[in-house]
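Listing of model.cif; format and content: mmCIF, C-alpha atoms.
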data_start
#
loop_
_atom_site.label_atom_id
_atom_site.label_comp_id
_atom_site.auth_asym_id
_atom_site.auth_seq_id
_atom_site.Cartn_x
_atom_site.Cartn_y
_atom_site.Cartn_z
CA ALA A 273 32.40 -22.31 1.69
CA GLU A 274 30.76 -20.88 -1.44
CA VAL A 275 29.91 -24.40 -2.62
CA VAL A 276 28.06 -25.11 0.64
CA TRP A 277 25.92 -21.98 0.31
CA GLN A 278 24.96 -22.89 -3.27
CA ARG A 279 23.88 -26.46 -2.58
CA PRO A 280 20.80 -27.09 -0.40
CA ARG A 281 21.86 -30.62 0.63
CA LEU A 282 25.17 -29.30 1.95
CA LEU A 283 23.35 -26.48 3.72
CA VAL A 284 21.06 -29.04 5.37
CA ALA A 285 24.12 -30.98 6.58
CA ARG A 286 25.60 -27.76 7.94
CA ALA A 287 22.31 -26.89 9.63
CA TRP A 288 22.16 -30.23 11.44
CA LEU A 289 25.75 -29.85 12.59
CA LEU A 290 24.94 -26.43 14.02
CA TYR A 291 21.89 -27.85 15.78
CA ARG A 292 23.84 -30.72 17.33
CA HIS A 293 26.38 -28.19 18.59
CA TRP A 294 23.57 -25.93 19.86
CA ARG A 295 24.62 -22.96 17.74
CA LEU A 296 21.03 -21.87 17.31
CA GLN A 297 21.60 -18.29 16.18
CA ALA A 298 23.93 -19.45 13.40
CA LEU A 299 21.38 -22.15 12.57
CA ASP A 300 18.71 -19.48 12.19
CA SER A 301 20.80 -17.80 9.48
CA VAL A 302 21.33 -21.05 7.60
CA LEU A 303 17.62 -21.85 7.67
CA ARG A 304 16.83 -18.43 6.22
CA ALA A 305 19.36 -19.05 3.46
CA LEU A 306 17.85 -22.44 2.72
CA THR A 307 14.35 -21.01 2.57
CA ALA A 308 15.54 -18.28 0.19
CA ARG A 309 17.24 -20.84 -2.07
CA LEU A 310 14.16 -23.04 -2.20
CA GLY A 311 11.93 -20.07 -2.92
CA GLU A 312 13.79 -19.28 -6.13
CA THR A 313 12.03 -22.07 -8.05
CA ASP A 314 8.31 -22.66 -8.52
CA ASP A 315 7.03 -26.20 -7.86
CA VAL A 316 5.24 -26.32 -11.23
CA ASP A 317 8.56 -26.07 -13.06
CA LEU A 318 10.05 -29.16 -11.39
CA ALA A 319 10.19 -32.78 -12.51
CA ASP A 320 8.94 -35.46 -10.11
CA GLU A 321 12.43 -36.29 -8.87
CA GLU A 322 13.27 -32.63 -8.32
CA LEU A 323 9.95 -32.05 -6.57
CA ALA A 324 10.62 -34.98 -4.20
CA GLU A 325 14.06 -33.55 -3.44
CA ARG A 326 12.55 -30.12 -2.79
CA ARG A 327 9.99 -31.56 -0.36
CA PHE A 328 12.73 -33.54 1.38
CA ILE A 329 14.77 -30.36 1.93
CA TYR A 330 11.69 -28.46 3.07
CA GLY A 331 10.97 -31.23 5.58
CA GLN A 332 14.48 -30.99 7.00
CA VAL A 333 14.20 -27.20 7.21
CA ASP A 334 10.82 -27.42 8.95
CA ALA A 335 12.12 -29.96 11.47
CA LEU A 336 14.99 -27.66 12.41
CA GLU A 337 12.71 -24.61 12.26
CA SER A 338 10.43 -26.22 14.84
CA ALA A 339 13.44 -26.48 17.18
CA THR A 340 14.63 -22.89 16.70
CA ARG A 341 11.09 -21.51 17.01
CA PHE A 342 10.84 -23.22 20.39
CA HIS A 343 14.32 -22.93 21.92
CA LEU A 344 15.41 -19.60 20.47
CA HIS A 345 12.25 -17.57 19.85
CA PHE A 346 9.71 -19.00 22.34
CA ASP A 347 7.21 -18.95 19.46
CA PHE A 348 5.27 -22.03 20.47
CA GLN A 349 2.53 -21.92 17.83
CA ALA A 350 5.07 -21.46 15.02
CA ALA A 351 7.05 -24.41 16.39
CA VAL A 352 3.96 -26.63 16.28
CA SER A 353 3.18 -25.54 12.71
CA ALA A 354 6.73 -26.18 11.48
CA ALA A 355 6.82 -29.59 13.17
CA GLU A 356 3.52 -30.62 11.61
CA ARG A 357 4.75 -29.60 8.16
CA ALA A 358 7.91 -31.67 8.70
CA THR A 359 6.08 -34.81 9.83
CA THR A 360 3.77 -34.51 6.82
CA VAL A 361 6.47 -34.46 4.13
CA LEU A 362 9.46 -36.34 5.58
CA PRO A 363 9.81 -40.03 4.65
CA PRO A 364 9.97 -42.68 7.42
CA THR A 365 13.69 -43.14 6.74
CA GLU A 366 14.44 -39.70 8.22
CA GLY A 367 14.18 -40.83 11.84
CA GLY A 368 16.41 -38.12 13.30
CA ALA A 369 14.57 -35.26 11.64
CA LEU A 370 11.18 -36.75 12.46
CA GLY A 371 12.22 -37.25 16.06
CA THR A 372 13.36 -33.64 16.32
CA ALA A 373 10.05 -32.42 14.89
CA VAL A 374 7.95 -34.60 17.20
CA ILE A 375 9.93 -33.52 20.26
CA SER A 376 9.82 -29.83 19.33
CA ARG A 377 6.07 -30.07 18.76
CA ALA A 378 5.62 -31.67 22.17
CA PHE A 379 7.74 -29.01 23.90
CA ALA A 380 5.78 -26.28 22.12
CA LYS A 381 2.49 -27.83 23.20
CA ILE A 382 3.66 -27.60 26.81
CA GLY A 383 4.21 -23.92 26.03
CA LEU A 384 0.61 -23.74 24.85
CA GLY A 385 -0.67 -25.35 28.05
CA GLU A 386 -1.16 -28.82 26.57
CA GLY A 387 1.36 -30.74 28.65
CA SER A 388 -0.68 -33.93 28.99
CA VAL A 389 -1.18 -34.04 25.21
CA ALA A 390 2.55 -33.54 24.68
CA ILE A 391 3.52 -36.39 27.00
CA ARG A 392 0.91 -38.67 25.46
CA GLU A 393 2.16 -37.99 21.92
CA LEU A 394 5.79 -38.57 22.88
CA SER A 395 4.95 -41.78 24.75
CA HIS A 396 2.96 -43.07 21.79
CA ALA A 397 5.79 -42.29 19.38
CA SER A 398 8.40 -43.94 21.61
CA ARG A 399 6.37 -47.18 21.71
CA ASP A 400 6.02 -47.26 17.93
CA PRO A 401 9.56 -47.32 16.50
CA SER A 402 8.56 -48.03 12.90
CA PRO A 403 8.42 -44.39 11.70
CA PHE A 404 11.47 -43.32 13.71
CA GLY A 405 13.92 -46.23 13.90
CA ALA A 406 17.02 -45.35 15.87
CA ALA A 407 15.50 -42.01 16.92
CA SER A 408 13.32 -43.76 19.54
CA ALA A 409 16.05 -43.03 22.12
CA GLN A 410 15.71 -39.37 21.17
CA LEU A 411 12.01 -39.56 21.98
CA HIS A 412 12.72 -40.90 25.48
CA LEU A 413 14.98 -37.89 25.98
CA GLY A 414 12.05 -35.71 24.94
CA ILE A 415 9.81 -37.35 27.54
CA TRP A 416 12.36 -36.83 30.32
CA ALA A 417 13.02 -33.24 29.26
CA SER A 418 9.28 -32.54 29.25
CA HIS A 419 8.84 -33.81 32.81
CA TYR A 420 11.90 -31.82 33.88
CA MET A 421 10.77 -28.53 32.33
CA MET A 422 7.29 -29.01 33.79
CA GLY A 423 8.86 -29.53 37.22
CA ASP A 424 7.33 -33.00 37.59
CA LEU A 425 10.28 -34.71 39.25
CA ALA A 426 8.20 -37.59 40.63
CA THR A 427 7.07 -38.68 37.17
CA LEU A 428 10.56 -38.08 35.80
CA GLY A 429 11.94 -40.47 38.40
CA GLU A 430 9.33 -43.09 37.52
CA SER A 431 10.13 -42.78 33.82
CA LEU A 432 13.86 -43.11 34.44
CA GLY A 433 13.17 -46.17 36.58
CA GLN A 434 11.60 -47.84 33.55
CA VAL A 435 15.01 -47.85 31.82
CA GLY A 436 16.87 -49.07 34.90
CA ILE A 437 17.89 -45.86 36.70
CA VAL A 438 17.39 -46.82 40.34
CA GLY A 439 18.92 -45.05 43.32
CA ASP A 440 22.27 -43.40 42.70
CA ARG A 441 23.77 -45.86 40.19
CA PRO A 442 24.49 -44.51 36.69
CA ILE A 443 24.03 -46.89 33.76
CA ASP A 444 26.77 -47.33 31.16
CA GLY A 445 25.68 -46.36 27.67
CA MET A 446 22.52 -44.57 28.85
CA ALA A 447 23.77 -41.04 28.26
CA ALA A 448 20.49 -39.13 28.32
CA ALA A 449 19.10 -41.14 31.24
CA ASN A 450 22.18 -40.35 33.34
CA TRP A 451 21.90 -36.69 32.34
CA PHE A 452 18.30 -36.35 33.52
CA ALA A 453 18.91 -38.45 36.62
CA GLY A 454 21.62 -35.94 37.45
CA LEU A 455 19.30 -33.00 36.83
CA MET A 456 16.56 -34.60 38.94
CA ASN A 457 18.94 -35.11 41.88
CA TYR A 458 20.29 -31.58 41.45
CA GLU A 459 16.77 -30.14 41.72
CA GLN A 460 16.21 -32.23 44.86
CA GLU A 461 19.47 -30.85 46.33
CA ARG A 462 21.01 -34.32 46.39
CA LEU A 463 24.28 -32.91 45.16
CA GLU A 464 26.51 -35.95 45.63
CA GLU A 465 24.13 -38.16 43.64
CA ALA A 466 23.65 -35.44 41.02
CA GLN A 467 27.40 -35.09 40.59
CA ARG A 468 27.81 -38.84 40.14
CA PHE A 469 25.29 -38.99 37.28
CA LEU A 470 26.34 -35.74 35.63
CA LYS A 471 30.02 -36.70 35.62
CA VAL A 472 29.22 -39.87 33.69
CA MET A 473 27.30 -37.81 31.14
CA TYR A 474 29.96 -35.11 30.90
CA ASN A 475 32.84 -37.54 30.50
CA SER A 476 31.07 -39.38 27.68
CA ARG A 477 30.15 -36.24 25.72
CA HIS A 478 32.39 -37.04 22.74
CA GLU A 479 31.29 -40.68 22.47
CA LEU A 480 27.58 -40.64 23.33
CA ASN A 481 25.87 -37.26 23.55
CA TYR A 482 27.86 -34.11 22.86
CA LEU A 483 25.04 -31.71 23.65
CA GLY A 484 24.01 -33.44 26.88
CA GLY A 485 27.64 -33.49 27.95
CA PHE A 486 27.94 -29.73 27.83
CA PHE A 487 24.52 -29.26 29.40
CA SER A 488 25.84 -31.46 32.22
CA GLY A 489 28.98 -29.39 32.64
CA TYR A 490 27.12 -26.32 33.85
CA PRO A 491 25.31 -27.92 36.82
CA LEU A 492 28.63 -29.59 37.71
CA VAL A 493 30.15 -26.10 37.98
CA ARG A 494 27.19 -24.98 40.10
CA ILE A 495 27.63 -27.98 42.43
CA HIS A 496 31.26 -27.00 43.00
CA GLN A 497 30.21 -23.40 43.63
CA ILE A 498 27.47 -24.38 46.07
CA ARG A 499 29.96 -26.54 47.97
CA LYS A 500 32.51 -23.70 47.96
CA GLU A 501 34.91 -25.89 45.94
CA ILE A 502 36.17 -22.79 44.19
CA ASP A 503 39.29 -24.26 42.57
CA ASP A 504 37.35 -27.21 41.16
CA ALA A 505 34.68 -24.88 39.80
CA GLN A 506 37.28 -22.66 38.12
CA GLY A 507 39.09 -25.64 36.66
CA LEU A 508 35.90 -26.91 35.05
CA ILE A 509 34.99 -23.42 33.77
CA ASP A 510 38.43 -23.13 32.16
CA SER A 511 38.15 -26.59 30.60
CA LEU A 512 34.71 -25.81 29.17
CA ARG A 513 35.87 -22.46 27.84
CA SER A 514 38.86 -23.97 26.07
CA GLU A 515 36.71 -26.51 24.29
CA LEU A 516 33.97 -24.04 23.39
CA LEU A 517 36.45 -21.52 22.02
CA ARG A 518 37.92 -24.22 19.82
CA MET A 519 34.43 -24.93 18.47
CA GLY A 520 33.37 -21.28 18.20
CA ASN A 521 30.18 -21.93 20.17
CA GLN A 522 29.07 -18.44 21.22
CA GLU A 523 25.74 -19.55 22.76
CA PHE A 524 27.41 -21.83 25.28
CA LEU A 525 30.21 -19.32 25.86
CA ARG A 526 27.71 -16.64 26.87
CA GLN A 527 26.19 -19.00 29.40
CA LEU A 528 29.66 -19.87 30.67
CA ASP A 529 30.42 -16.15 31.05
CA GLY A 530 27.56 -15.95 33.54
CA LEU A 531 29.01 -18.77 35.62
CA GLN A 532 32.42 -17.09 35.51
CA ALA A 533 30.91 -13.81 36.69
CA TYR A 534 29.21 -15.60 39.58
CA GLN A 535 32.55 -17.24 40.36
CA TRP A 536 34.10 -13.78 40.60
CA LEU A 537 31.37 -12.77 43.02
CA LEU A 538 32.09 -15.81 45.19
CA THR A 539 35.81 -15.02 45.25
CA ASP A 540 35.22 -11.36 46.17
CA LYS A 541 36.23 -10.04 42.74
CA ARG A 542 33.23 -7.75 42.75
CA GLU A 543 34.67 -5.29 40.26
CA LEU A 544 34.93 -8.00 37.60
CA ALA A 545 31.42 -9.28 38.38
CA ASP A 546 30.08 -5.72 38.21
CA ARG A 547 31.75 -5.14 34.84
CA TRP A 548 30.16 -8.28 33.41
CA ALA A 549 26.74 -7.30 34.81
CA LYS A 550 27.00 -3.80 33.35
CA ASN A 551 27.81 -5.19 29.87
CA TYR A 552 25.30 -8.03 29.95
CA ARG A 553 22.56 -7.82 27.31
CA THR A 554 19.58 -10.02 28.09
CA GLU A 555 18.29 -9.85 24.50
CA ASP A 556 21.53 -11.35 23.13
CA SER A 557 21.87 -14.25 25.52
CA PRO A 558 20.61 -17.83 25.28
CA ASP A 559 17.70 -18.65 27.54
CA SER A 560 16.59 -22.15 26.60
CA LEU A 561 14.09 -23.73 28.97
CA ILE A 562 16.32 -26.80 29.27
CA PHE A 563 19.10 -24.75 30.91
CA VAL A 564 19.52 -25.38 34.63
CA ASP A 565 20.34 -21.71 35.25
CA PRO A 566 20.14 -19.45 32.19
CA PRO A 567 22.63 -16.57 32.24
CA GLY A 568 19.79 -14.09 32.73
CA LEU A 569 18.97 -15.51 36.16
CA ILE A 570 22.63 -15.58 37.14
CA TRP A 571 22.77 -11.92 36.08
CA VAL A 572 19.80 -11.14 38.36
CA ARG A 573 21.58 -12.80 41.32
CA ILE A 574 24.71 -10.76 40.69
CA VAL A 575 22.65 -7.56 40.38
CA LEU A 576 20.99 -8.38 43.70
CA ALA A 577 24.36 -8.95 45.34
CA LEU A 578 25.75 -5.68 43.97
CA GLY A 579 22.51 -3.82 44.76
CA GLN A 580 22.63 -0.95 42.27
CA GLU A 581 19.18 0.57 41.75
CA VAL A 582 19.38 1.06 37.97
CA ASP A 583 20.39 -2.55 37.46
CA LEU A 584 17.62 -3.72 39.79
CA ASP A 585 15.05 -1.95 37.62
CA ALA A 586 16.50 -3.65 34.55
CA ALA A 587 16.45 -7.02 36.32
CA LEU A 588 12.79 -6.58 37.21
CA SER A 589 11.97 -5.69 33.61
CA TYR A 590 13.82 -8.78 32.35
CA LEU A 591 11.93 -11.07 34.75
CA GLU A 592 8.57 -9.60 33.76
CA ILE A 593 9.33 -10.09 30.05
CA LYS A 594 10.30 -13.70 30.60
CA LEU A 595 7.20 -14.37 32.68
CA ARG A 596 5.00 -12.92 29.93
CA GLN A 597 6.69 -15.23 27.41
CA LEU A 598 5.60 -18.19 29.52
CA ASP A 599 2.12 -16.96 30.38
CA GLY A 600 -0.35 -19.80 29.89
CA SER A 601 2.43 -22.39 29.55
CA GLN A 602 3.17 -25.35 31.80
CA PHE A 603 6.89 -24.71 32.13
CA TYR A 604 6.48 -24.55 35.86
CA ARG A 605 10.14 -25.04 36.72
CA ARG A 606 11.27 -21.91 34.91
CA GLN A 607 8.21 -19.94 36.06
CA LEU A 608 9.08 -20.81 39.67
CA GLN A 609 12.63 -19.62 39.10
CA LEU A 610 11.46 -16.36 37.58
CA LEU A 611 8.87 -15.68 40.27
CA SER A 612 11.28 -16.43 43.12
CA HIS A 613 13.89 -14.11 41.62
CA LYS A 614 11.26 -11.42 41.07
CA ALA A 615 10.18 -11.76 44.70
CA ALA A 616 13.81 -11.36 45.78
CA VAL A 617 14.18 -8.16 43.74
CA HIS A 618 10.98 -6.69 45.21
CA ALA A 619 12.09 -7.64 48.72
CA HIS A 620 15.50 -6.09 48.15
CA VAL A 621 13.94 -2.70 47.39
CA GLY A 622 11.50 -3.04 50.29
CA ASP A 623 8.31 -3.78 48.36
CA MET A 624 7.22 -6.70 50.52
CA GLU A 625 3.65 -6.68 49.22
CA ALA A 626 4.84 -7.26 45.64
CA ALA A 627 7.30 -9.90 46.86
CA GLN A 628 4.51 -11.74 48.65
CA ALA A 629 2.32 -11.56 45.53
CA CYS A 630 5.09 -13.26 43.51
CA LEU A 631 5.41 -16.04 46.05
CA CYS A 632 1.65 -16.55 46.08
CA SER A 633 1.68 -16.82 42.28
CA ALA A 634 4.42 -19.42 42.54
CA LEU A 635 2.36 -21.48 44.98
CA LEU A 636 -0.59 -21.43 42.60
CA LEU A 637 1.35 -22.84 39.63
CA GLY A 638 0.10 -26.19 38.37
#
Give the structure from this file in structure tokens form.
Amino acid sequence: AEVVWQRPRLLVARAWLLYRHWRLQALDSVLRALTARLGETDDVDLADEELAERRFIYGQVDALESATRFHLHFDFQAAVSAAERATTVLPPTEGGALGTAVISRAFAKIGLGEGSVAIRELSHASRDPSPFGAASAQLHLGIWASHYMMGDLATLGESLGQVGIVGDRPIDGMAAANWFAGLMNYEQERLEEAQRFLKVMYNSRHELNYLGGFFSGYPLVRIHQIRKEIDDAQGLIDSLRSELLRMGNQEFLRQLDGLQAYQWLLTDKRELADRWAKNYRTEDSPDSLIFVDPPGLIWVRIVLALGQEVDLDAALSYLEIKLRQLDGSQFYRRQLQLLSHKAAVHAHVGDMEAAQACLCSALLLG
């Protein structure tokens, strides 16, 4: 372990592994360590070969930094800046890192209210594979994710149709396309079709797309819960937990804890659900905009069901903070979720005027 922390190249490899496993908080620590290591030497003291190596490492760090700034910190301007630094210094051979930077920059631009620019840049990059090579598939994923987070399901469906996703038939080998087709159908409450696509993605997680596989597992649990298929939901929760514990993935585990708490609520184990809600810390939990239902929103639903006034005040505060983070952005899907939950909290305490104001704000989005 000591060798890894002393060698920047090994730290970069570790950082990418953490990113692919979505361990973003651990990744943040590694990036800080890398930045500290690189800052120990002045550029003027380096030979050309050493300077090239230093810039290569900096480019990798900036590419990953653009992702953490977006997904973990909601710092959209910093994400754009890091991505632009990465695309400036990385060589064309680094397709994966370049793709990550381009996608993170596009996502961050949506956060800055420049959604059309983001889609245009991603589309242009996906049609020009020369700088990115094999990462062009990654760019298509970025396009689909952008449409999804912006709540533009019609355009998402059209884009998926361009790669052969038509109707309710998954495509072998098209991991990301099946994933987003599943999410699209889930949002449209076409649960049978959503389940068909998401199962293909989930079952191929070790061969094709590990991250998408786990992201698909959570809506599959929610589909079982919505259908009152309680045993199936619990079985999938247990399977996910076993695998995540083996990997030590705390970010995903915290999201899974929310689904488990909601499962307890559905099975009338209110004391267990209440204990989880009392111990839940919104500031420590993952809240990526790509999540179908972040644990914070599940927590709000449980608080509403339990109806304790102190927790309702905390839920309202959480929703207001999250809405402020997205003020001026075009992440309409998450804003709609937040506003609808805020309206439900206001209605629960009898403030119908505030509830109506939230719903009006939701109608005005976009």
* Just give me the gap between CA of Gly383 in chain A and CA of Thr360 in chain A in Å, one decimal is fine. =>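 Computing it gives 21.9 Å between the two atoms.
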Next on the checklist: Neighbouring residues of Ser612 in chain A were defined as those with any atom within 7 Å, considering all atoms listed in the file; residues of the same chain fewer than 3 positions away were excluded. Please report them as an MDAnalysis selection string.
Outcome noted: chainID A and resid 608:609 615:616 630:631
Could you give me, as number ranges by chain, the residues that sit within 8 Å of (0.3, -29.6, 18.6) in the file's coordinates, counting only C-alpha atoms? A: 352-353, 356, 377-378, 380-381, 390
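The nearest approach to Glu322 in chain A among the residues A:Ala354, A:Ala577, A:Leu310, A:Val472, with only C-alpha atoms taken into account, belongs to A:Leu310.
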ask   = Can you tell me, as a list in words, what residues are no more than 10 Å from Gly385 in chain A when counting all atoms listed in the file, ignoring any on the same chain fewer than 5 positions away?
value =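 Those residues are Ala380, Ala390, Leu598, Asp599, Gly600, Ser601, Gln602 and Phe603 of chain A.
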If you count all atoms listed in the file, which residues fall within 12 Å of range 430-447 of chain A, apart from same-chain ones fewer than 2 positions away, as a PDB file with C-alpha atoms, in the frame of the given file?
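Below is the file that was written, result.pdb:
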ATOM      1  CA  ILE A 391       3.520 -36.390  27.000  1.00  0.00           C
ATOM      2  CA  SER A 395       4.950 -41.780  24.750  1.00  0.00           C
ATOM      3  CA  ALA A 409      16.050 -43.030  22.120  1.00  0.00           C
ATOM      4  CA  GLN A 410      15.710 -39.370  21.170  1.00  0.00           C
ATOM      5  CA  HIS A 412      12.720 -40.900  25.480  1.00  0.00           C
ATOM      6  CA  LEU A 413      14.980 -37.890  25.980  1.00  0.00           C
ATOM      7  CA  GLY A 414      12.050 -35.710  24.940  1.00  0.00           C
ATOM      8  CA  ILE A 415       9.810 -37.350  27.540  1.00  0.00           C
ATOM      9  CA  TRP A 416      12.360 -36.830  30.320  1.00  0.00           C
ATOM     10  CA  ALA A 417      13.020 -33.240  29.260  1.00  0.00           C
ATOM     11  CA  SER A 418       9.280 -32.540  29.250  1.00  0.00           C
ATOM     12  CA  HIS A 419       8.840 -33.810  32.810  1.00  0.00           C
ATOM     13  CA  TYR A 420      11.900 -31.820  33.880  1.00  0.00           C
ATOM     14  CA  ASP A 424       7.330 -33.000  37.590  1.00  0.00           C
ATOM     15  CA  LEU A 425      10.280 -34.710  39.250  1.00  0.00           C
ATOM     16  CA  ALA A 426       8.200 -37.590  40.630  1.00  0.00           C
ATOM     17  CA  THR A 427       7.070 -38.680  37.170  1.00  0.00           C
ATOM     18  CA  LEU A 428      10.560 -38.080  35.800  1.00  0.00           C
ATOM     19  CA  ALA A 449      19.100 -41.140  31.240  1.00  0.00           C
ATOM     20  CA  ASN A 450      22.180 -40.350  33.340  1.00  0.00           C
ATOM     21  CA  TRP A 451      21.900 -36.690  32.340  1.00  0.00           C
ATOM     22  CA  PHE A 452      18.300 -36.350  33.520  1.00  0.00           C
ATOM     23  CA  ALA A 453      18.910 -38.450  36.620  1.00  0.00           C
ATOM     24  CA  GLY A 454      21.620 -35.940  37.450  1.00  0.00           C
ATOM     25  CA  LEU A 455      19.300 -33.000  36.830  1.00  0.00           C
ATOM     26  CA  MET A 456      16.560 -34.600  38.940  1.00  0.00           C
ATOM     27  CA  ASN A 457      18.940 -35.110  41.880  1.00  0.00           C
ATOM     28  CA  ARG A 462      21.010 -34.320  46.390  1.00  0.00           C
ATOM     29  CA  LEU A 463      24.280 -32.910  45.160  1.00  0.00           C
ATOM     30  CA  GLU A 464      26.510 -35.950  45.630  1.00  0.00           C
ATOM     31  CA  GLU A 465      24.130 -38.160  43.640  1.00  0.00           C
ATOM     32  CA  ALA A 466      23.650 -35.440  41.020  1.00  0.00           C
ATOM     33  CA  GLN A 467      27.400 -35.090  40.590  1.00  0.00           C
ATOM     34  CA  ARG A 468      27.810 -38.840  40.140  1.00  0.00           C
ATOM     35  CA  PHE A 469      25.290 -38.990  37.280  1.00  0.00           C
ATOM     36  CA  LEU A 470      26.340 -35.740  35.630  1.00  0.00           C
ATOM     37  CA  LYS A 471      30.020 -36.700  35.620  1.00  0.00           C
ATOM     38  CA  VAL A 472      29.220 -39.870  33.690  1.00  0.00           C
ATOM     39  CA  MET A 473      27.300 -37.810  31.140  1.00  0.00           C
ATOM     40  CA  TYR A 474      29.960 -35.110  30.900  1.00  0.00           C
ATOM     41  CA  ASN A 475      32.840 -37.540  30.500  1.00  0.00           C
ATOM     42  CA  SER A 476      31.070 -39.380  27.680  1.00  0.00           C
ATOM     43  CA  ARG A 477      30.150 -36.240  25.720  1.00  0.00           C
ATOM     44  CA  HIS A 478      32.390 -37.040  22.740  1.00  0.00           C
ATOM     45  CA  GLU A 479      31.290 -40.680  22.470  1.00  0.00           C
ATOM     46  CA  LEU A 480      27.580 -40.640  23.330  1.00  0.00           C
ATOM     47  CA  ASN A 481      25.870 -37.260  23.550  1.00  0.00           C
ATOM     48  CA  TYR A 482      27.860 -34.110  22.860  1.00  0.00           C
ATOM     49  CA  LEU A 483      25.040 -31.710  23.650  1.00  0.00           C
ATOM     50  CA  GLY A 484      24.010 -33.440  26.880  1.00  0.00           C
ATOM     51  CA  GLY A 485      27.640 -33.490  27.950  1.00  0.00           C
ATOM     52  CA  PHE A 487      24.520 -29.260  29.400  1.00  0.00           C
ATOM     53  CA  SER A 488      25.840 -31.460  32.220  1.00  0.00           C
TER      54      SER A 488
END
### Task
Spell out the residues picked by the PyMOL selection byres ((chain A and resi 522) around 12) here, as a list in words.
Leu290, His293, Trp294, Arg295, Leu296, Gln297, Ala298, Arg513, Glu515, Leu516, Leu517, Arg518, Met519, Gly520, Asn521, Glu523, Phe524, Leu525, Arg526, Gln527, Leu528, Asp529, Asp556, Ser557 and Pro558 of chain A
Could you save those same residues with C-alpha atoms as a PDB file, keeping the file's coordinate frame?
ATOM      1  CA  LEU A 290      24.940 -26.430  14.020  1.00  0.00           C
ATOM      2  CA  HIS A 293      26.380 -28.190  18.590  1.00  0.00           C
ATOM      3  CA  TRP A 294      23.570 -25.930  19.860  1.00  0.00           C
ATOM      4  CA  ARG A 295      24.620 -22.960  17.740  1.00  0.00           C
ATOM      5  CA  LEU A 296      21.030 -21.870  17.310  1.00  0.00           C
ATOM      6  CA  GLN A 297      21.600 -18.290  16.180  1.00  0.00           C
ATOM      7  CA  ALA A 298      23.930 -19.450  13.400  1.00  0.00           C
ATOM      8  CA  ARG A 513      35.870 -22.460  27.840  1.00  0.00           C
ATOM      9  CA  GLU A 515      36.710 -26.510  24.290  1.00  0.00           C
ATOM     10  CA  LEU A 516      33.970 -24.040  23.390  1.00  0.00           C
ATOM     11  CA  LEU A 517      36.450 -21.520  22.020  1.00  0.00           C
ATOM     12  CA  ARG A 518      37.920 -24.220  19.820  1.00  0.00           C
ATOM     13  CA  MET A 519      34.430 -24.930  18.470  1.00  0.00           C
ATOM     14  CA  GLY A 520      33.370 -21.280  18.200  1.00  0.00           C
ATOM     15  CA  ASN A 521      30.180 -21.930  20.170  1.00  0.00           C
ATOM     16  CA  GLU A 523      25.740 -19.550  22.760  1.00  0.00           C
ATOM     17  CA  PHE A 524      27.410 -21.830  25.280  1.00  0.00           C
ATOM     18  CA  LEU A 525      30.210 -19.320  25.860  1.00  0.00           C
ATOM     19  CA  ARG A 526      27.710 -16.640  26.870  1.00  0.00           C
ATOM     20  CA  GLN A 527      26.190 -19.000  29.400  1.00  0.00           C
ATOM     21  CA  LEU A 528      29.660 -19.870  30.670  1.00  0.00           C
ATOM     22  CA  ASP A 529      30.420 -16.150  31.050  1.00  0.00           C
ATOM     23  CA  ASP A 556      21.530 -11.350  23.130  1.00  0.00           C
ATOM     24  CA  SER A 557      21.870 -14.250  25.520  1.00  0.00           C
ATOM     25  CA  PRO A 558      20.610 -17.830  25.280  1.00  0.00           C
TER      26      PRO A 558
END
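Take the PyMOL selection byres ((chain A and resi 284) around 10) and apply it to this file: it picks A:Val276, A:Trp277, A:Arg279, A:Pro280, A:Arg281, A:Leu282, A:Leu283, A:Ala285, A:Arg286, A:Ala287, A:Trp288, A:Leu289, A:Leu290, A:Leu299, A:Val302, A:Leu303, A:Leu306, A:Ile329, A:Tyr330, A:Gln332, A:Val333, A:Leu336.
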Exercise for review: Write out as a PyMOL selection string each polymer residue whose atoms come within 12 Å of Trp548 in chain A, counting all atoms listed in the file; drop sequence neighbours fewer than 3 positions from it.
Suggested key: chain A and resi 526+528-537+541-545+551-554+567-568+570-572+574-575+578
Judged by all atoms listed in the file, the minimum distance to Asp583 in chain A among A:Gly387, A:Val617, A:Ala308, A:Gln628 is found for A:Val617
Quick one: what's the axis-aligned box for range 440-451 of chain A, all listed atoms, 3 Å on every side, centre and edges in Å to one decimal, as AutoDock Vina command-line options?
--center_x 22.9 --center_y -42.0 --center_z 35.2 --size_x 13.7 --size_y 16.6 --size_z 21.0
What's the separation between CA of Thr359 in chain A and CA of Gly371 in chain A, in Å to one decimal place?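 CA of Gly371 in chain A lies at a distance of 9.1 Å from CA of Thr359 in chain A.
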For this session: State, in Å with one decimal place, the distance from CA of Glu592 in chain A to CA of Ile495 in chain A.
Result: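 Distance reported for this atom pair: 27.9 Å.
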ask   = Leaving out Phe328 in chain A and any residue of its chain fewer than 5 positions from it, which residues lie within 10 Å of it when counting all atoms listed in the file, given as a PyMOL selection string?
value = chain A and resi 281+322-323+333-334+358+361-363+366
*Point out the residue among A:Tyr458, A:Ala324, A:Leu512, A:Phe486 with the least atom-to-atom distance to Ile498 in chain A, counting all atoms listed in the file.*
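Among the listed residues, the smallest separation from Ile498 in chain A belongs to A:Tyr458.
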_Shortest interatomic distance to Leu584 in chain A - which of A:His613, A:Glu386, A:Leu508, A:Gln607, counting only C-alpha atoms_ =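 Looking only at the distances to Leu584 in chain A, the closest residue turns out to be A:His613.
If all atoms listed in the file are the atoms counted, then among A:Val564, A:Val389, A:Leu411, A:Leu576 the closest residue to Gly423 in chain A is A:Val564.
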If you count all atoms listed in the file, the residue of A:Ala627, A:Leu344, A:Ala549, A:Leu635 closest to Gln597 in chain A turns out to be A:Leu344
